[in-house]
Amino acid sequence: MRTSGAPAWGMIAWAAIGLAAVRPAVAADEFRVETEIYGNGTQQPIAKTLTLFRGRMAWDFLEPVSAVAEDEREAAVTEIVLHDPARERVVVVDPVRNVKTQIDALRLERLSASLSAWARRSDDRLVRWAGGPDFGDGMKETAAEVELAGPRVRYAVEFAAAPSADAAEAYRRFADTAILLKGLMRPGGLPPFPRMAINRRVAAAGGIPTQVSLDIDPGMAALTGRAARLRCVHRFHPRLLASDLERIEEAESHVAVAESIELAEFVTAADGDD
């Protein structure tokens with residue numbers, strides 16, 4: 001998803017939640033994720049998201065990084081992404097302009113195949129390595145961390161146990177789709193396959209990331225216009241709040257009434273607002 005020009009790796013930073021705000025009845029397939037992304041050692045996040053998992057769907061809300069009063073958060077949302085695997089689609093909504101665009105799962109699958117083929121033909125050793133599919137030699141694992149090193153790049157992912165195997169798999173599916181969506185809407189940077197390989201390992205261990213770091217050669221970062229170091233702090237909570245349900249209802253209304261436009265028009269208009 002879009003992060004106002006910054007890479008959005010689908011990472012997650014979880015905020016503490018007051019017990020009084022939690023609904024008493026909790027479904028096993030409901031949980032929430034808050035994400036904060038930091039670049040090049042910054043003390044303030046360059047991107048913030050809230051992701052709400054309910055049923056097989058995930059609702060991803062991009063928020064501005066400026067401080068916003070809690071009761072003004074809904075008005076501050078700049079982008080909503082509905083991950084809807086049952087209908088094999090992703091819907092991206094700009095609630096300010098009241099427009100939306102839909103991306104079919106098949107389009108993302110084709111993007112994945114074309115990106116991999118392109119990367120493996122690259123003259124650049126790092127890009128060629130990132131095309132996959134085998135990262136086994138560079139992968140190191142412990143009970144709570146996965147590290148993947150390649151030419152001029154290093155990924156490090158710390159994780160904690162998910163409340164269930166289903167929750168771990170739901171997060172993996174969301175994270176994979178989010179990084180492919182970012183590649184479609186904001187091309188540039190490394191191919192997504194190293195991170196997707198890590199996602200599979202973490203999910204197989206029954207985990208959800210708690211912190212993700214990406215260190216990339218400064219020369220490569222300058223070439224792509226991306227940060228040389230990204231750090232994402234993650235916190236997970238296995239419940240949805242009453243306010244989360246209200247936010248989902250509001251997002252459903254945005255999806256229903258927003259004007260549908262083509263992806264190219266959506267991205268062009270969004271870039272003009274940055």
# chains A, B, ... in the order shown; residues from 1 in each chain; ligands from 1
>>> closest_atom_pairs(of="segment 131-162 of chain A", to="segment 185-209 of chain A", cutoff="7 Å", atoms="only C-alpha atoms", output="tab-separated table")
residue	atom	partner	partner_atom	distance
A:Gly131	CA	A:Phe193	CA	6.2
A:Gly132	CA	A:Phe193	CA	6.2
A:Val146	CA	A:Ile198	CA	6.9
A:Val157	CA	A:Pro209	CA	6.5
A:Glu158	CA	A:Pro209	CA	5.7
A:Phe159	CA	A:Pro209	CA	4.0
A:Ala160	CA	A:Gly207	CA	5.3
A:Ala161	CA	A:Gly207	CA	4.4
A:Ala162	CA	A:Gly207	CA	4.8
>>> residues_around(residues="Thr49 of chain A", least_positions_apart="5", cutoff="6 Å", atoms="only C-alpha atoms", output="list in words")
Glu34, Thr35, Phe61, Leu62 and Glu63 of chain A
>>> write_last_selection(atoms="C-alpha atoms", output="tab-separated table (two decimals), in the first residue's frame")
chain	number	residue	atom	x	y	z
A	34	GLU	CA	-0.57	-1.31	14.20
A	35	THR	CA	2.46	-0.50	12.07
A	61	PHE	CA	-5.71	2.00	7.07
A	62	LEU	CA	-2.90	4.38	6.16
A	63	GLU	CA	-2.63	7.32	8.53
>>> select_by_dssp(residues="segment 18-180 of chain A", states="helix (DSSP H, G or I)", output="VMD selection string")
chain A and resid 19 to 21 70 to 76 85 to 87 105 to 120 125 to 130 136 to 138 165 to 180
>>> write_last_selection(atoms="N, CA and C atoms", output="short mmCIF file (atom, residue, chain, number, x, y, z; two decimals), in the first residue's frame")
data_model
loop_
_atom_site.label_atom_id
_atom_site.label_comp_id
_atom_site.auth_asym_id
_atom_site.auth_seq_id
_atom_site.Cartn_x
_atom_site.Cartn_y
_atom_site.Cartn_z
N LEU A 19 -8.09 -2.52 28.47
CA LEU A 19 -8.99 -3.67 28.54
C LEU A 19 -10.45 -3.25 28.55
N ALA A 20 -10.73 -2.07 29.06
CA ALA A 20 -12.13 -1.65 29.13
C ALA A 20 -12.73 -1.45 27.76
N ALA A 21 -11.87 -1.21 26.75
CA ALA A 21 -12.39 -0.96 25.41
C ALA A 21 -12.57 -2.23 24.61
N GLU A 70 -6.99 11.21 19.14
CA GLU A 70 -7.60 9.90 18.96
C GLU A 70 -8.98 10.01 18.31
N ASP A 71 -9.77 11.01 18.69
CA ASP A 71 -11.11 11.11 18.15
C ASP A 71 -11.12 11.71 16.75
N GLU A 72 -9.94 12.04 16.19
CA GLU A 72 -9.86 12.57 14.84
C GLU A 72 -9.20 11.58 13.89
N ARG A 73 -8.95 10.36 14.34
CA ARG A 73 -8.19 9.41 13.54
C ARG A 73 -8.92 9.03 12.27
N GLU A 74 -10.24 8.84 12.33
CA GLU A 74 -10.98 8.45 11.14
C GLU A 74 -10.85 9.49 10.05
N ALA A 75 -10.94 10.77 10.43
CA ALA A 75 -10.82 11.83 9.44
C ALA A 75 -9.41 11.90 8.88
N ALA A 76 -8.44 11.38 9.63
CA ALA A 76 -7.05 11.50 9.21
C ALA A 76 -6.64 10.38 8.25
N PRO A 85 -9.52 -12.02 0.08
CA PRO A 85 -9.11 -13.22 -0.65
C PRO A 85 -10.26 -14.10 -1.10
N ALA A 86 -11.38 -14.08 -0.39
CA ALA A 86 -12.52 -14.90 -0.80
C ALA A 86 -13.02 -14.50 -2.18
N ARG A 87 -12.95 -13.20 -2.48
CA ARG A 87 -13.35 -12.70 -3.80
C ARG A 87 -12.15 -12.48 -4.72
N ALA A 105 -6.67 -10.70 -7.93
CA ALA A 105 -5.55 -11.53 -7.48
C ALA A 105 -4.72 -12.02 -8.66
N LEU A 106 -5.38 -12.30 -9.79
CA LEU A 106 -4.67 -12.78 -10.97
C LEU A 106 -3.65 -11.75 -11.45
N ARG A 107 -4.00 -10.48 -11.35
CA ARG A 107 -3.07 -9.43 -11.78
C ARG A 107 -1.81 -9.43 -10.90
N LEU A 108 -1.98 -9.64 -9.61
CA LEU A 108 -0.84 -9.69 -8.71
C LEU A 108 0.00 -10.95 -8.95
N GLU A 109 -0.66 -12.05 -9.27
CA GLU A 109 0.07 -13.27 -9.59
C GLU A 109 0.93 -13.08 -10.85
N ARG A 110 0.35 -12.42 -11.83
CA ARG A 110 1.11 -12.16 -13.07
C ARG A 110 2.27 -11.20 -12.80
N LEU A 111 2.03 -10.21 -11.94
CA LEU A 111 3.10 -9.30 -11.56
C LEU A 111 4.23 -10.07 -10.89
N SER A 112 3.90 -10.98 -9.99
CA SER A 112 4.91 -11.77 -9.30
C SER A 112 5.76 -12.56 -10.29
N ALA A 113 5.10 -13.20 -11.26
CA ALA A 113 5.83 -14.00 -12.24
C ALA A 113 6.73 -13.13 -13.11
N SER A 114 6.21 -11.98 -13.55
CA SER A 114 7.00 -11.11 -14.43
C SER A 114 8.17 -10.47 -13.67
N LEU A 115 7.95 -10.09 -12.41
CA LEU A 115 9.03 -9.52 -11.60
C LEU A 115 10.15 -10.53 -11.38
N SER A 116 9.77 -11.77 -11.10
CA SER A 116 10.78 -12.80 -10.87
C SER A 116 11.60 -13.05 -12.12
N ALA A 117 10.91 -13.16 -13.27
CA ALA A 117 11.62 -13.39 -14.52
C ALA A 117 12.55 -12.22 -14.85
N TRP A 118 12.06 -11.00 -14.66
CA TRP A 118 12.89 -9.82 -14.92
C TRP A 118 14.11 -9.78 -14.01
N ALA A 119 13.91 -10.03 -12.72
CA ALA A 119 15.00 -9.93 -11.76
C ALA A 119 16.08 -10.96 -12.06
N ARG A 120 15.70 -12.16 -12.42
CA ARG A 120 16.69 -13.21 -12.65
C ARG A 120 17.51 -12.99 -13.92
N ARG A 125 23.81 -8.01 -9.46
CA ARG A 125 23.85 -9.24 -8.66
C ARG A 125 22.78 -9.26 -7.57
N LEU A 126 22.55 -8.11 -6.92
CA LEU A 126 21.56 -8.05 -5.86
C LEU A 126 20.16 -8.28 -6.40
N VAL A 127 19.82 -7.60 -7.49
CA VAL A 127 18.49 -7.77 -8.08
C VAL A 127 18.30 -9.20 -8.55
N ARG A 128 19.33 -9.77 -9.16
CA ARG A 128 19.24 -11.16 -9.65
C ARG A 128 19.02 -12.11 -8.48
N TRP A 129 19.74 -11.91 -7.37
CA TRP A 129 19.54 -12.74 -6.18
C TRP A 129 18.12 -12.60 -5.63
N ALA A 130 17.61 -11.37 -5.63
CA ALA A 130 16.28 -11.11 -5.07
C ALA A 130 15.16 -11.71 -5.90
N GLY A 136 17.87 -20.47 0.45
CA GLY A 136 18.23 -21.34 1.57
C GLY A 136 19.60 -21.10 2.13
N ASP A 137 20.59 -20.86 1.27
CA ASP A 137 21.96 -20.70 1.75
C ASP A 137 22.14 -19.45 2.62
N GLY A 138 21.33 -18.43 2.38
CA GLY A 138 21.49 -17.19 3.14
C GLY A 138 20.57 -17.07 4.33
N ALA A 165 -2.48 -21.00 14.44
CA ALA A 165 -1.88 -21.19 13.12
C ALA A 165 -2.65 -20.43 12.05
N ASP A 166 -3.97 -20.34 12.23
CA ASP A 166 -4.78 -19.60 11.26
C ASP A 166 -4.41 -18.12 11.25
N ALA A 167 -4.16 -17.55 12.43
CA ALA A 167 -3.79 -16.14 12.51
C ALA A 167 -2.43 -15.91 11.85
N ALA A 168 -1.49 -16.83 12.07
CA ALA A 168 -0.17 -16.70 11.45
C ALA A 168 -0.28 -16.76 9.94
N GLU A 169 -1.11 -17.66 9.43
CA GLU A 169 -1.27 -17.78 7.98
C GLU A 169 -2.02 -16.58 7.40
N ALA A 170 -3.01 -16.06 8.13
CA ALA A 170 -3.74 -14.88 7.66
C ALA A 170 -2.80 -13.69 7.54
N TYR A 171 -1.91 -13.54 8.51
CA TYR A 171 -0.97 -12.43 8.43
C TYR A 171 0.01 -12.62 7.27
N ARG A 172 0.49 -13.84 7.08
CA ARG A 172 1.40 -14.09 5.95
C ARG A 172 0.74 -13.76 4.63
N ARG A 173 -0.51 -14.19 4.46
CA ARG A 173 -1.23 -13.92 3.22
C ARG A 173 -1.39 -12.41 3.01
N PHE A 174 -1.74 -11.70 4.08
CA PHE A 174 -1.87 -10.25 3.99
C PHE A 174 -0.53 -9.60 3.62
N ALA A 175 0.55 -9.99 4.30
CA ALA A 175 1.85 -9.37 4.08
C ALA A 175 2.35 -9.61 2.66
N ASP A 176 2.15 -10.83 2.14
CA ASP A 176 2.56 -11.12 0.77
C ASP A 176 1.79 -10.26 -0.22
N THR A 177 0.49 -10.17 -0.03
CA THR A 177 -0.33 -9.37 -0.94
C THR A 177 0.05 -7.90 -0.85
N ALA A 178 0.30 -7.40 0.36
CA ALA A 178 0.63 -5.99 0.54
C ALA A 178 1.92 -5.62 -0.17
N ILE A 179 2.92 -6.49 -0.11
CA ILE A 179 4.20 -6.16 -0.75
C ILE A 179 4.09 -6.24 -2.27
N LEU A 180 3.28 -7.15 -2.79
CA LEU A 180 3.04 -7.19 -4.23
C LEU A 180 2.23 -5.97 -4.68
#
>>> atom_distance(atom1="atom CA of Lys182 of chain A", atom2="atom CA of Glu252 of chain A")
21.9 Å
>>> closest_residue(among="A:Ala47, A:Val212, A:Val233, A:Ile80", to="Glu145 of chain A", atoms="only C-alpha atoms")
A:Val212
>>> select_by_dssp(residues="segment 157-223 of chain A", states="strand (DSSP E)", output="VMD selection string")
chain A and resid 157 to 161 207 to 216
>>> atom_distance(atom1="atom CA of Glu249 of chain A", atom2="atom CA of Trp59 of chain A")
10.6 Å
>>> closest_residue(among="A:Arg229, A:Arg54, A:Arg97, A:Arg121", to="Phe31 of chain A", atoms="only C-alpha atoms")
A:Arg54
>>> closest_residue(among="A:Ser213, A:Ser253, A:Gln102, A:Thr268", to="Val153 of chain A", atoms="only C-alpha atoms")
A:Ser213
>>> atom_distance(atom1="atom CA of Ala269 of chain A", atom2="atom CA of Ala228 of chain A")
27.7 Å
>>> closest_residue(among="A:Asp134, A:Glu259, A:Asp215, A:Asp123", to="Arg154 of chain A", atoms="only C-alpha atoms")
A:Asp215
>>> closest_residue(among="A:Ala264, A:Val90, A:Val96, A:Leu52", to="Glu246 of chain A", atoms="only C-alpha atoms")
A:Leu52
>>> closest_residue(among="A:Phe266, A:Tyr38, A:Phe53, A:Phe135", to="Cys232 of chain A", atoms="only C-alpha atoms")
A:Tyr38
